[in-house]
file run24.txt (compact mmCIF, N, CA and C atoms)
# COMPACT_ATOMS: atom_id res chain seq x y z
N MET Q 1 -4.22 8.33 4.10
CA MET Q 1 -5.50 7.96 3.51
C MET Q 1 -6.18 6.95 4.43
N GLU Q 2 -7.38 7.23 4.85
CA GLU Q 2 -8.15 6.35 5.71
C GLU Q 2 -8.91 5.35 4.85
N THR Q 3 -8.80 4.08 5.18
CA THR Q 3 -9.55 3.06 4.46
C THR Q 3 -10.76 2.68 5.28
N ASP Q 4 -11.58 1.80 4.76
CA ASP Q 4 -12.79 1.39 5.47
C ASP Q 4 -12.48 0.65 6.77
N VAL Q 5 -11.25 0.17 6.94
CA VAL Q 5 -10.89 -0.50 8.18
C VAL Q 5 -10.03 0.40 9.07
N GLY Q 6 -9.86 1.66 8.67
CA GLY Q 6 -9.15 2.61 9.51
C GLY Q 6 -7.64 2.49 9.47
N THR Q 7 -7.07 1.81 8.51
CA THR Q 7 -5.64 1.63 8.42
C THR Q 7 -5.07 2.60 7.40
N TYR Q 8 -3.96 3.23 7.73
CA TYR Q 8 -3.33 4.14 6.78
C TYR Q 8 -2.57 3.36 5.74
N MET Q 9 -2.82 3.67 4.49
CA MET Q 9 -2.05 3.13 3.37
C MET Q 9 -1.76 4.28 2.42
N SER Q 10 -0.52 4.46 2.07
CA SER Q 10 -0.15 5.49 1.14
C SER Q 10 -0.85 5.23 -0.20
N PRO Q 11 -1.44 6.25 -0.81
CA PRO Q 11 -2.16 6.03 -2.06
C PRO Q 11 -1.25 5.59 -3.21
N TRP Q 12 0.04 5.88 -3.14
CA TRP Q 12 0.93 5.49 -4.23
C TRP Q 12 1.45 4.08 -4.06
N VAL Q 13 1.29 3.48 -2.91
CA VAL Q 13 1.79 2.13 -2.68
C VAL Q 13 0.73 1.09 -2.96
N ARG Q 14 -0.49 1.27 -2.43
CA ARG Q 14 -1.57 0.28 -2.57
C ARG Q 14 -1.06 -1.11 -2.26
N ASP Q 15 -0.48 -1.24 -1.10
CA ASP Q 15 0.22 -2.47 -0.76
C ASP Q 15 0.28 -2.57 0.76
N THR Q 16 0.53 -3.76 1.24
CA THR Q 16 0.72 -3.96 2.66
C THR Q 16 1.67 -5.13 2.87
N SER Q 17 2.28 -5.22 4.03
CA SER Q 17 3.18 -6.32 4.32
C SER Q 17 2.38 -7.60 4.55
N ALA Q 18 2.94 -8.72 4.09
CA ALA Q 18 2.23 -10.00 4.23
C ALA Q 18 3.20 -11.13 4.47
N GLY Q 19 2.68 -12.17 5.08
CA GLY Q 19 3.42 -13.41 5.21
C GLY Q 19 4.44 -13.43 6.32
N LEU Q 20 5.11 -14.55 6.40
CA LEU Q 20 6.09 -14.83 7.43
C LEU Q 20 7.14 -13.73 7.55
N ALA Q 21 7.65 -13.23 6.44
CA ALA Q 21 8.74 -12.27 6.45
C ALA Q 21 8.26 -10.82 6.30
N LYS Q 22 6.97 -10.58 6.37
CA LYS Q 22 6.38 -9.24 6.29
C LYS Q 22 6.90 -8.46 5.09
N GLN Q 23 6.67 -9.00 3.91
CA GLN Q 23 7.16 -8.39 2.69
C GLN Q 23 6.05 -7.69 1.93
N ARG Q 24 6.34 -6.49 1.44
CA ARG Q 24 5.39 -5.78 0.59
C ARG Q 24 5.47 -6.34 -0.82
N ALA Q 25 4.36 -6.39 -1.51
CA ALA Q 25 4.34 -6.92 -2.88
C ALA Q 25 5.21 -6.08 -3.80
N VAL Q 26 5.22 -4.75 -3.61
CA VAL Q 26 6.06 -3.88 -4.43
C VAL Q 26 7.53 -4.29 -4.28
N THR Q 27 7.93 -4.59 -3.06
CA THR Q 27 9.30 -5.01 -2.79
C THR Q 27 9.57 -6.38 -3.40
N LEU Q 28 8.65 -7.30 -3.23
CA LEU Q 28 8.82 -8.64 -3.80
C LEU Q 28 8.99 -8.58 -5.32
N ILE Q 29 8.13 -7.82 -5.97
CA ILE Q 29 8.19 -7.73 -7.43
C ILE Q 29 9.51 -7.11 -7.87
N GLY Q 30 9.92 -6.03 -7.20
CA GLY Q 30 11.18 -5.39 -7.56
C GLY Q 30 12.36 -6.32 -7.38
N ALA Q 31 12.39 -7.04 -6.26
CA ALA Q 31 13.51 -7.93 -5.96
C ALA Q 31 13.56 -9.11 -6.93
N TRP Q 32 12.41 -9.72 -7.19
CA TRP Q 32 12.39 -10.87 -8.11
C TRP Q 32 12.68 -10.44 -9.54
N ASN Q 33 12.16 -9.29 -9.98
CA ASN Q 33 12.47 -8.80 -11.32
C ASN Q 33 13.97 -8.51 -11.44
N HIS Q 34 14.56 -7.95 -10.40
CA HIS Q 34 16.00 -7.67 -10.41
C HIS Q 34 16.79 -8.99 -10.49
N ALA Q 35 16.35 -9.98 -9.73
CA ALA Q 35 17.02 -11.29 -9.77
C ALA Q 35 16.95 -11.89 -11.17
N LEU Q 36 15.81 -11.75 -11.82
CA LEU Q 36 15.68 -12.23 -13.20
C LEU Q 36 16.63 -11.48 -14.13
N ASP Q 37 16.72 -10.16 -13.96
CA ASP Q 37 17.62 -9.35 -14.79
C ASP Q 37 19.08 -9.75 -14.58
N GLN Q 38 19.44 -10.11 -13.34
CA GLN Q 38 20.82 -10.45 -13.01
C GLN Q 38 21.15 -11.91 -13.30
N GLY Q 39 20.13 -12.71 -13.59
CA GLY Q 39 20.35 -14.10 -13.95
C GLY Q 39 20.45 -15.05 -12.77
N TYR Q 40 20.09 -14.61 -11.56
CA TYR Q 40 20.13 -15.54 -10.44
C TYR Q 40 18.75 -15.84 -9.86
N GLY Q 41 17.73 -15.58 -10.61
CA GLY Q 41 16.39 -15.97 -10.22
C GLY Q 41 15.64 -16.41 -11.47
N ALA Q 42 15.04 -17.56 -11.42
CA ALA Q 42 14.35 -18.04 -12.62
C ALA Q 42 13.02 -18.71 -12.32
N SER Q 43 12.67 -18.85 -11.05
CA SER Q 43 11.49 -19.63 -10.71
C SER Q 43 10.21 -18.80 -10.65
N GLN Q 44 10.28 -17.50 -10.94
CA GLN Q 44 9.11 -16.64 -10.86
C GLN Q 44 8.92 -15.90 -12.18
N PRO Q 45 7.68 -15.54 -12.49
CA PRO Q 45 7.45 -14.74 -13.70
C PRO Q 45 7.81 -13.28 -13.44
N ARG Q 46 8.13 -12.56 -14.49
CA ARG Q 46 8.32 -11.12 -14.37
C ARG Q 46 6.94 -10.51 -14.15
N ARG Q 47 6.85 -9.62 -13.16
CA ARG Q 47 5.57 -8.98 -12.85
C ARG Q 47 5.71 -7.47 -13.00
N ASP Q 48 4.59 -6.83 -13.29
CA ASP Q 48 4.53 -5.38 -13.42
C ASP Q 48 4.03 -4.80 -12.11
N VAL Q 49 4.85 -3.98 -11.47
CA VAL Q 49 4.52 -3.44 -10.16
C VAL Q 49 3.32 -2.48 -10.22
N SER Q 50 2.99 -1.98 -11.40
CA SER Q 50 1.86 -1.06 -11.51
C SER Q 50 0.52 -1.77 -11.70
N VAL Q 51 0.54 -3.08 -11.79
CA VAL Q 51 -0.68 -3.86 -12.00
C VAL Q 51 -1.11 -4.49 -10.67
N ASP Q 52 -2.30 -4.13 -10.22
CA ASP Q 52 -2.79 -4.61 -8.93
C ASP Q 52 -2.83 -6.14 -8.85
N GLU Q 53 -3.19 -6.80 -9.94
CA GLU Q 53 -3.24 -8.26 -9.93
C GLU Q 53 -1.86 -8.86 -9.65
N GLY Q 54 -0.82 -8.27 -10.23
CA GLY Q 54 0.55 -8.74 -9.97
C GLY Q 54 0.94 -8.56 -8.51
N LYS Q 55 0.56 -7.40 -7.94
CA LYS Q 55 0.85 -7.17 -6.51
C LYS Q 55 0.07 -8.15 -5.64
N TYR Q 56 -1.19 -8.36 -5.98
CA TYR Q 56 -1.99 -9.30 -5.21
C TYR Q 56 -1.38 -10.70 -5.25
N ASN Q 57 -1.00 -11.15 -6.45
CA ASN Q 57 -0.43 -12.49 -6.59
C ASN Q 57 0.89 -12.64 -5.84
N ALA Q 58 1.74 -11.61 -5.89
CA ALA Q 58 3.01 -11.67 -5.15
C ALA Q 58 2.75 -11.69 -3.64
N GLY Q 59 1.84 -10.86 -3.18
CA GLY Q 59 1.50 -10.83 -1.76
C GLY Q 59 0.90 -12.14 -1.28
N GLU Q 60 0.02 -12.70 -2.10
CA GLU Q 60 -0.59 -13.98 -1.75
C GLU Q 60 0.47 -15.09 -1.69
N GLN Q 61 1.40 -15.07 -2.63
CA GLN Q 61 2.46 -16.08 -2.64
C GLN Q 61 3.34 -15.95 -1.39
N ALA Q 62 3.63 -14.72 -0.96
CA ALA Q 62 4.43 -14.52 0.25
C ALA Q 62 3.66 -14.96 1.49
N TYR Q 63 2.36 -14.71 1.49
CA TYR Q 63 1.53 -15.08 2.63
C TYR Q 63 1.36 -16.59 2.75
N ASP Q 64 1.14 -17.25 1.61
CA ASP Q 64 0.85 -18.68 1.61
C ASP Q 64 2.08 -19.58 1.56
N GLY Q 65 3.18 -19.06 1.06
CA GLY Q 65 4.35 -19.91 0.83
C GLY Q 65 5.57 -19.50 1.61
N GLU Q 66 5.85 -20.22 2.68
CA GLU Q 66 7.02 -19.89 3.50
C GLU Q 66 8.32 -20.00 2.70
N THR Q 67 8.41 -20.98 1.82
CA THR Q 67 9.62 -21.15 1.02
C THR Q 67 9.84 -19.94 0.14
N PHE Q 68 8.79 -19.48 -0.52
CA PHE Q 68 8.88 -18.29 -1.36
C PHE Q 68 9.27 -17.07 -0.52
N ALA Q 69 8.62 -16.90 0.61
CA ALA Q 69 8.89 -15.74 1.47
C ALA Q 69 10.34 -15.74 1.96
N LEU Q 70 10.82 -16.88 2.41
CA LEU Q 70 12.19 -16.94 2.93
C LEU Q 70 13.23 -16.79 1.82
N ALA Q 71 12.98 -17.37 0.66
CA ALA Q 71 13.91 -17.19 -0.47
C ALA Q 71 13.94 -15.73 -0.90
N SER Q 72 12.81 -15.07 -0.77
CA SER Q 72 12.72 -13.66 -1.16
C SER Q 72 13.54 -12.75 -0.26
N VAL Q 73 13.74 -13.12 0.99
CA VAL Q 73 14.52 -12.29 1.91
C VAL Q 73 15.90 -12.01 1.33
N ALA Q 74 16.58 -13.03 0.88
CA ALA Q 74 17.92 -12.85 0.31
C ALA Q 74 17.87 -11.99 -0.95
N LEU Q 75 16.86 -12.19 -1.78
CA LEU Q 75 16.75 -11.40 -3.01
C LEU Q 75 16.45 -9.94 -2.71
N ILE Q 76 15.64 -9.69 -1.68
CA ILE Q 76 15.35 -8.31 -1.30
C ILE Q 76 16.62 -7.61 -0.83
N HIS Q 77 17.41 -8.29 0.00
CA HIS Q 77 18.67 -7.68 0.45
C HIS Q 77 19.64 -7.48 -0.70
N ARG Q 78 19.71 -8.43 -1.61
CA ARG Q 78 20.58 -8.32 -2.79
C ARG Q 78 20.16 -7.12 -3.65
N TRP Q 79 18.86 -6.99 -3.86
CA TRP Q 79 18.30 -5.87 -4.63
C TRP Q 79 18.61 -4.55 -3.94
N SER Q 80 18.47 -4.52 -2.63
CA SER Q 80 18.75 -3.32 -1.86
C SER Q 80 20.21 -2.90 -1.98
N ILE Q 81 21.11 -3.87 -1.89
CA ILE Q 81 22.54 -3.59 -2.03
C ILE Q 81 22.83 -2.93 -3.37
N ASP Q 82 22.10 -3.36 -4.40
CA ASP Q 82 22.29 -2.82 -5.74
C ASP Q 82 21.57 -1.49 -5.95
N GLY Q 83 20.93 -0.96 -4.91
CA GLY Q 83 20.27 0.35 -5.00
C GLY Q 83 18.81 0.31 -5.38
N LYS Q 84 18.20 -0.85 -5.31
CA LYS Q 84 16.78 -1.04 -5.64
C LYS Q 84 16.40 -0.47 -7.01
N PRO Q 85 17.11 -0.86 -8.07
CA PRO Q 85 16.74 -0.34 -9.39
C PRO Q 85 15.31 -0.70 -9.75
N GLY Q 86 14.58 0.31 -10.20
CA GLY Q 86 13.18 0.10 -10.56
C GLY Q 86 12.25 0.09 -9.37
N GLY Q 87 12.77 0.39 -8.17
CA GLY Q 87 11.96 0.34 -6.96
C GLY Q 87 11.33 1.67 -6.59
N ASP Q 88 10.68 1.70 -5.44
CA ASP Q 88 9.99 2.90 -4.96
C ASP Q 88 10.84 3.67 -3.95
N ASP Q 89 12.13 3.50 -4.00
CA ASP Q 89 13.04 4.05 -3.01
C ASP Q 89 14.26 4.59 -3.76
N ASP Q 90 14.68 5.79 -3.45
CA ASP Q 90 15.83 6.38 -4.13
C ASP Q 90 17.13 6.13 -3.40
N SER Q 91 17.22 5.06 -2.65
CA SER Q 91 18.43 4.76 -1.89
C SER Q 91 19.58 4.43 -2.84
N PRO Q 92 20.76 4.93 -2.52
CA PRO Q 92 21.91 4.58 -3.36
C PRO Q 92 22.36 3.14 -3.10
N ALA Q 93 23.10 2.60 -4.05
CA ALA Q 93 23.67 1.27 -3.85
C ALA Q 93 24.61 1.32 -2.65
N SER Q 94 24.74 0.20 -1.97
CA SER Q 94 25.65 0.12 -0.84
C SER Q 94 26.71 -0.94 -1.12
N HIS Q 95 27.69 -1.01 -0.24
CA HIS Q 95 28.74 -2.01 -0.47
C HIS Q 95 28.27 -3.40 -0.07
N GLN Q 96 29.01 -4.39 -0.48
CA GLN Q 96 28.65 -5.78 -0.19
C GLN Q 96 28.54 -5.99 1.33
N PRO Q 97 27.64 -6.85 1.76
CA PRO Q 97 27.47 -7.07 3.21
C PRO Q 97 28.71 -7.70 3.82
N THR Q 98 28.99 -7.30 5.04
CA THR Q 98 30.09 -7.86 5.81
C THR Q 98 29.65 -8.03 7.24
N LEU Q 99 30.43 -8.73 8.00
CA LEU Q 99 30.15 -8.86 9.44
C LEU Q 99 30.53 -7.59 10.19
N ALA Q 100 31.18 -6.67 9.51
CA ALA Q 100 31.63 -5.43 10.14
C ALA Q 100 30.75 -4.24 9.77
N TYR Q 101 29.48 -4.47 9.44
CA TYR Q 101 28.57 -3.36 9.16
C TYR Q 101 28.51 -2.44 10.37
N THR Q 102 28.50 -1.13 10.14
CA THR Q 102 28.32 -0.17 11.23
C THR Q 102 26.84 -0.17 11.62
N ASP Q 103 26.52 0.47 12.73
CA ASP Q 103 25.12 0.58 13.14
C ASP Q 103 24.29 1.30 12.08
N ASP Q 104 24.86 2.35 11.48
CA ASP Q 104 24.13 3.08 10.44
C ASP Q 104 23.86 2.18 9.23
N GLU Q 105 24.83 1.37 8.84
CA GLU Q 105 24.64 0.47 7.70
C GLU Q 105 23.62 -0.61 8.03
N MET Q 106 23.63 -1.11 9.25
CA MET Q 106 22.65 -2.11 9.66
C MET Q 106 21.24 -1.52 9.69
N TYR Q 107 21.12 -0.30 10.23
CA TYR Q 107 19.82 0.38 10.25
C TYR Q 107 19.31 0.54 8.81
N GLU Q 108 20.19 0.97 7.92
CA GLU Q 108 19.79 1.19 6.53
C GLU Q 108 19.34 -0.11 5.86
N ALA Q 109 20.03 -1.20 6.13
CA ALA Q 109 19.62 -2.50 5.57
C ALA Q 109 18.24 -2.89 6.09
N LEU Q 110 18.00 -2.71 7.37
CA LEU Q 110 16.70 -3.04 7.95
C LEU Q 110 15.61 -2.10 7.42
N ARG Q 111 15.92 -0.83 7.32
CA ARG Q 111 14.96 0.15 6.84
C ARG Q 111 14.60 -0.12 5.38
N ARG Q 112 15.58 -0.41 4.56
CA ARG Q 112 15.32 -0.69 3.15
C ARG Q 112 14.43 -1.91 2.98
N TYR Q 113 14.61 -2.89 3.84
CA TYR Q 113 13.79 -4.10 3.77
C TYR Q 113 12.33 -3.76 4.00
N GLN Q 114 12.07 -2.84 4.94
CA GLN Q 114 10.70 -2.50 5.31
C GLN Q 114 10.04 -1.54 4.33
N GLY Q 115 10.81 -0.68 3.66
CA GLY Q 115 10.21 0.25 2.71
C GLY Q 115 10.76 1.65 2.82
N PRO Q 116 10.23 2.58 1.99
CA PRO Q 116 10.79 3.93 1.89
C PRO Q 116 10.14 4.98 2.79
N ALA Q 117 9.18 4.60 3.62
CA ALA Q 117 8.47 5.57 4.45
C ALA Q 117 8.05 4.91 5.76
N GLU Q 118 7.46 5.71 6.65
CA GLU Q 118 6.92 5.12 7.88
C GLU Q 118 5.89 4.06 7.52
N PRO Q 119 5.84 2.98 8.24
CA PRO Q 119 6.50 2.69 9.50
C PRO Q 119 7.90 2.09 9.37
N ALA Q 120 8.49 2.11 8.18
CA ALA Q 120 9.81 1.48 7.98
C ALA Q 120 10.87 2.07 8.90
N PHE Q 121 10.86 3.38 9.09
CA PHE Q 121 11.90 4.02 9.90
C PHE Q 121 11.81 3.59 11.37
N SER Q 122 10.62 3.65 11.93
CA SER Q 122 10.46 3.28 13.34
C SER Q 122 10.62 1.77 13.54
N GLU Q 123 10.17 0.98 12.59
CA GLU Q 123 10.32 -0.48 12.71
C GLU Q 123 11.79 -0.89 12.64
N ALA Q 124 12.56 -0.24 11.77
CA ALA Q 124 13.99 -0.56 11.68
C ALA Q 124 14.70 -0.22 12.99
N LYS Q 125 14.30 0.89 13.61
CA LYS Q 125 14.92 1.26 14.90
C LYS Q 125 14.61 0.21 15.96
N LYS Q 126 13.39 -0.33 15.97
CA LYS Q 126 13.03 -1.35 16.93
C LYS Q 126 13.88 -2.60 16.75
N ARG Q 127 14.22 -2.93 15.53
CA ARG Q 127 14.97 -4.15 15.24
C ARG Q 127 16.47 -4.00 15.49
N MET Q 128 16.95 -2.79 15.68
CA MET Q 128 18.37 -2.58 15.90
C MET Q 128 18.87 -3.35 17.12
N GLY Q 129 18.05 -3.51 18.12
CA GLY Q 129 18.44 -4.28 19.31
C GLY Q 129 18.72 -5.74 19.01
N LEU Q 130 18.18 -6.23 17.91
CA LEU Q 130 18.40 -7.63 17.53
C LEU Q 130 19.76 -7.83 16.87
N THR Q 131 20.42 -6.76 16.47
CA THR Q 131 21.66 -6.87 15.73
C THR Q 131 22.90 -6.75 16.61
N THR Q 132 22.74 -6.31 17.84
CA THR Q 132 23.92 -6.09 18.69
C THR Q 132 24.19 -7.25 19.59

call {"tool": "encode", "arguments": {"input": "run24.txt", "output": "structure tokens"}}
result
Amino acid sequence: METDVGTYMSPWVRDTSAGLAKQRAVTLIGAWNHALDQGYGASQPRRDVSVDEGKYNAGEQAYDGETFALASVALIHRWSIDGKPGGDDDSPASHQPTLAYTDDEMYEALRRYQGPAEPAFSEAKKRMGLTT
């Protein structure tokens, strides 16, 4: 889908990466809601991923708040390990992180962080050099 600024955005996502950690609002909402469900996150309100205002507020918080963005990184990975319940990705749950992750497991962790479609796949491949 072409927007007025010529950038491709999937019509079902209506989202973009923002802030220090380049997090999508859909991902932030899913990760924080999962943390609330699991009892290890309490500093954020539950948000509805289908509401544009909620996505805007999550994206703005990630863009403006480095503390929020960096705390969210761990929650996003935790959510991903649990299979992203309620997310936009049908990835299965994975095992707990270890220092002995294979290249495929590392790629999958990086890819899941970025999202379920391009540019997540190509971006994860670019970051693989940072893990070796």

call {"tool": "residues_around", "arguments": {"input": "run24.txt", "residues": "Q:Asp89", "least_positions_apart": "5", "cutoff": "7 Å", "atoms": "all atoms listed in the file", "output": "NGL selection string"}}
result
:Q and (83-84 or 115-116)

call {"tool": "write_last_selection", "arguments": {"input": "run24.txt", "atoms": "N, CA and C atoms", "output": "tab-separated table (two decimals), keeping the file's coordinate frame"}}
result
chain	number	residue	atom	x	y	z
Q	83	GLY	N	20.93	-0.96	-4.91
Q	83	GLY	CA	20.27	0.35	-5.00
Q	83	GLY	C	18.81	0.31	-5.38
Q	84	LYS	N	18.20	-0.85	-5.31
Q	84	LYS	CA	16.78	-1.04	-5.64
Q	84	LYS	C	16.40	-0.47	-7.01
Q	115	GLY	N	10.81	-0.68	3.66
Q	115	GLY	CA	10.21	0.25	2.71
Q	115	GLY	C	10.76	1.65	2.82
Q	116	PRO	N	10.23	2.58	1.99
Q	116	PRO	CA	10.79	3.93	1.89
Q	116	PRO	C	10.14	4.98	2.79

call {"tool": "atom_distance", "arguments": {"input": "run24.txt", "atom1": "atom N of Q:Lys126", "atom2": "atom N of Q:Arg24"}}
result
17.3 Å

call {"tool": "residues_around", "arguments": {"input": "run24.txt", "residues": "Q:Gln114", "least_positions_apart": "6", "cutoff": "10 Å", "atoms": "only C-alpha atoms", "output": "PyMOL selection string"}}
result
chain Q and resi 17+22-24+27+76+108+120-124

call {"tool": "closest_residue", "arguments": {"input": "run24.txt", "among": "Q:Ala31, Q:Ala25, Q:Val49, Q:Leu110", "to": "Q:Pro85", "atoms": "only C-alpha atoms"}}
result
Q:Ala31

call {"tool": "closest_residue", "arguments": {"input": "run24.txt", "among": "Q:Ala62, Q:Ala117, Q:Leu75, Q:Ala93", "to": "Q:Trp32", "atoms": "only C-alpha atoms"}}
result
Q:Leu75

call {"tool": "atom_distance", "arguments": {"input": "run24.txt", "atom1": "atom CA of Q:Arg111", "atom2": "atom CA of Q:Lys125"}}
result
8.1 Å

call {"tool": "decode", "arguments": {"input": "run24.txt", "residues": "stretch 31-40 of chain Q", "atoms": "all heavy atoms", "output": "compact mmCIF listing (two decimals), in the first residue's frame"}}
result
# COMPACT_ATOMS: atom_id res chain seq x y z
N ALA Q 31 3.32 -7.35 23.98
CA ALA Q 31 4.30 -7.72 25.01
C ALA Q 31 3.88 -7.21 26.39
O ALA Q 31 3.96 -7.95 27.38
CB ALA Q 31 5.68 -7.18 24.64
N TRP Q 32 3.45 -5.96 26.46
CA TRP Q 32 3.04 -5.42 27.76
C TRP Q 32 1.76 -6.08 28.27
O TRP Q 32 1.64 -6.36 29.47
CB TRP Q 32 2.89 -3.90 27.69
CG TRP Q 32 4.20 -3.20 27.86
CD1 TRP Q 32 5.02 -2.73 26.88
CD2 TRP Q 32 4.87 -2.92 29.10
NE1 TRP Q 32 6.15 -2.17 27.43
CE2 TRP Q 32 6.08 -2.28 28.79
CE3 TRP Q 32 4.56 -3.15 30.43
CZ2 TRP Q 32 6.98 -1.86 29.76
CZ3 TRP Q 32 5.45 -2.74 31.41
CH2 TRP Q 32 6.65 -2.10 31.07
N ASN Q 33 0.80 -6.35 27.39
CA ASN Q 33 -0.41 -7.05 27.82
C ASN Q 33 -0.07 -8.45 28.33
O ASN Q 33 -0.62 -8.91 29.33
CB ASN Q 33 -1.44 -7.14 26.69
CG ASN Q 33 -2.15 -5.82 26.44
OD1 ASN Q 33 -2.05 -4.88 27.22
ND2 ASN Q 33 -2.87 -5.74 25.34
N HIS Q 34 0.86 -9.12 27.66
CA HIS Q 34 1.29 -10.46 28.10
C HIS Q 34 1.97 -10.36 29.47
O HIS Q 34 1.73 -11.20 30.34
CB HIS Q 34 2.23 -11.07 27.06
CG HIS Q 34 2.68 -12.45 27.40
ND1 HIS Q 34 1.82 -13.53 27.45
CD2 HIS Q 34 3.90 -12.93 27.71
CE1 HIS Q 34 2.50 -14.61 27.78
NE2 HIS Q 34 3.77 -14.28 27.94
N ALA Q 35 2.80 -9.35 29.65
CA ALA Q 35 3.46 -9.16 30.95
C ALA Q 35 2.43 -8.94 32.06
O ALA Q 35 2.57 -9.48 33.16
CB ALA Q 35 4.44 -7.99 30.89
N LEU Q 36 1.40 -8.17 31.76
CA LEU Q 36 0.33 -7.97 32.74
C LEU Q 36 -0.38 -9.29 33.05
O LEU Q 36 -0.64 -9.59 34.22
CB LEU Q 36 -0.68 -6.94 32.22
CG LEU Q 36 -0.19 -5.50 32.12
CD1 LEU Q 36 -1.17 -4.66 31.30
CD2 LEU Q 36 0.02 -4.90 33.49
N ASP Q 37 -0.65 -10.08 32.01
CA ASP Q 37 -1.31 -11.38 32.21
C ASP Q 37 -0.46 -12.32 33.06
O ASP Q 37 -0.98 -13.11 33.85
CB ASP Q 37 -1.59 -12.06 30.87
CG ASP Q 37 -2.64 -11.34 30.05
OD1 ASP Q 37 -3.38 -10.50 30.60
OD2 ASP Q 37 -2.71 -11.63 28.83
N GLN Q 38 0.87 -12.25 32.88
CA GLN Q 38 1.78 -13.15 33.59
C GLN Q 38 2.15 -12.63 34.98
O GLN Q 38 2.79 -13.33 35.75
CB GLN Q 38 3.06 -13.36 32.77
CG GLN Q 38 2.82 -14.01 31.42
CD GLN Q 38 2.14 -15.36 31.55
OE1 GLN Q 38 2.58 -16.21 32.30
NE2 GLN Q 38 1.05 -15.53 30.82
N GLY Q 39 1.80 -11.38 35.27
CA GLY Q 39 2.05 -10.82 36.59
C GLY Q 39 3.43 -10.21 36.77
O GLY Q 39 3.83 -9.90 37.88
N TYR Q 40 4.19 -10.01 35.69
CA TYR Q 40 5.49 -9.38 35.85
C TYR Q 40 5.59 -8.02 35.18
O TYR Q 40 6.66 -7.50 34.95
CB TYR Q 40 6.64 -10.30 35.39
CG TYR Q 40 6.55 -10.88 34.00
CD1 TYR Q 40 6.88 -10.14 32.88
CD2 TYR Q 40 6.17 -12.20 33.83
CE1 TYR Q 40 6.83 -10.69 31.62
CE2 TYR Q 40 6.11 -12.75 32.57
CZ TYR Q 40 6.43 -12.00 31.47
OH TYR Q 40 6.37 -12.55 30.23
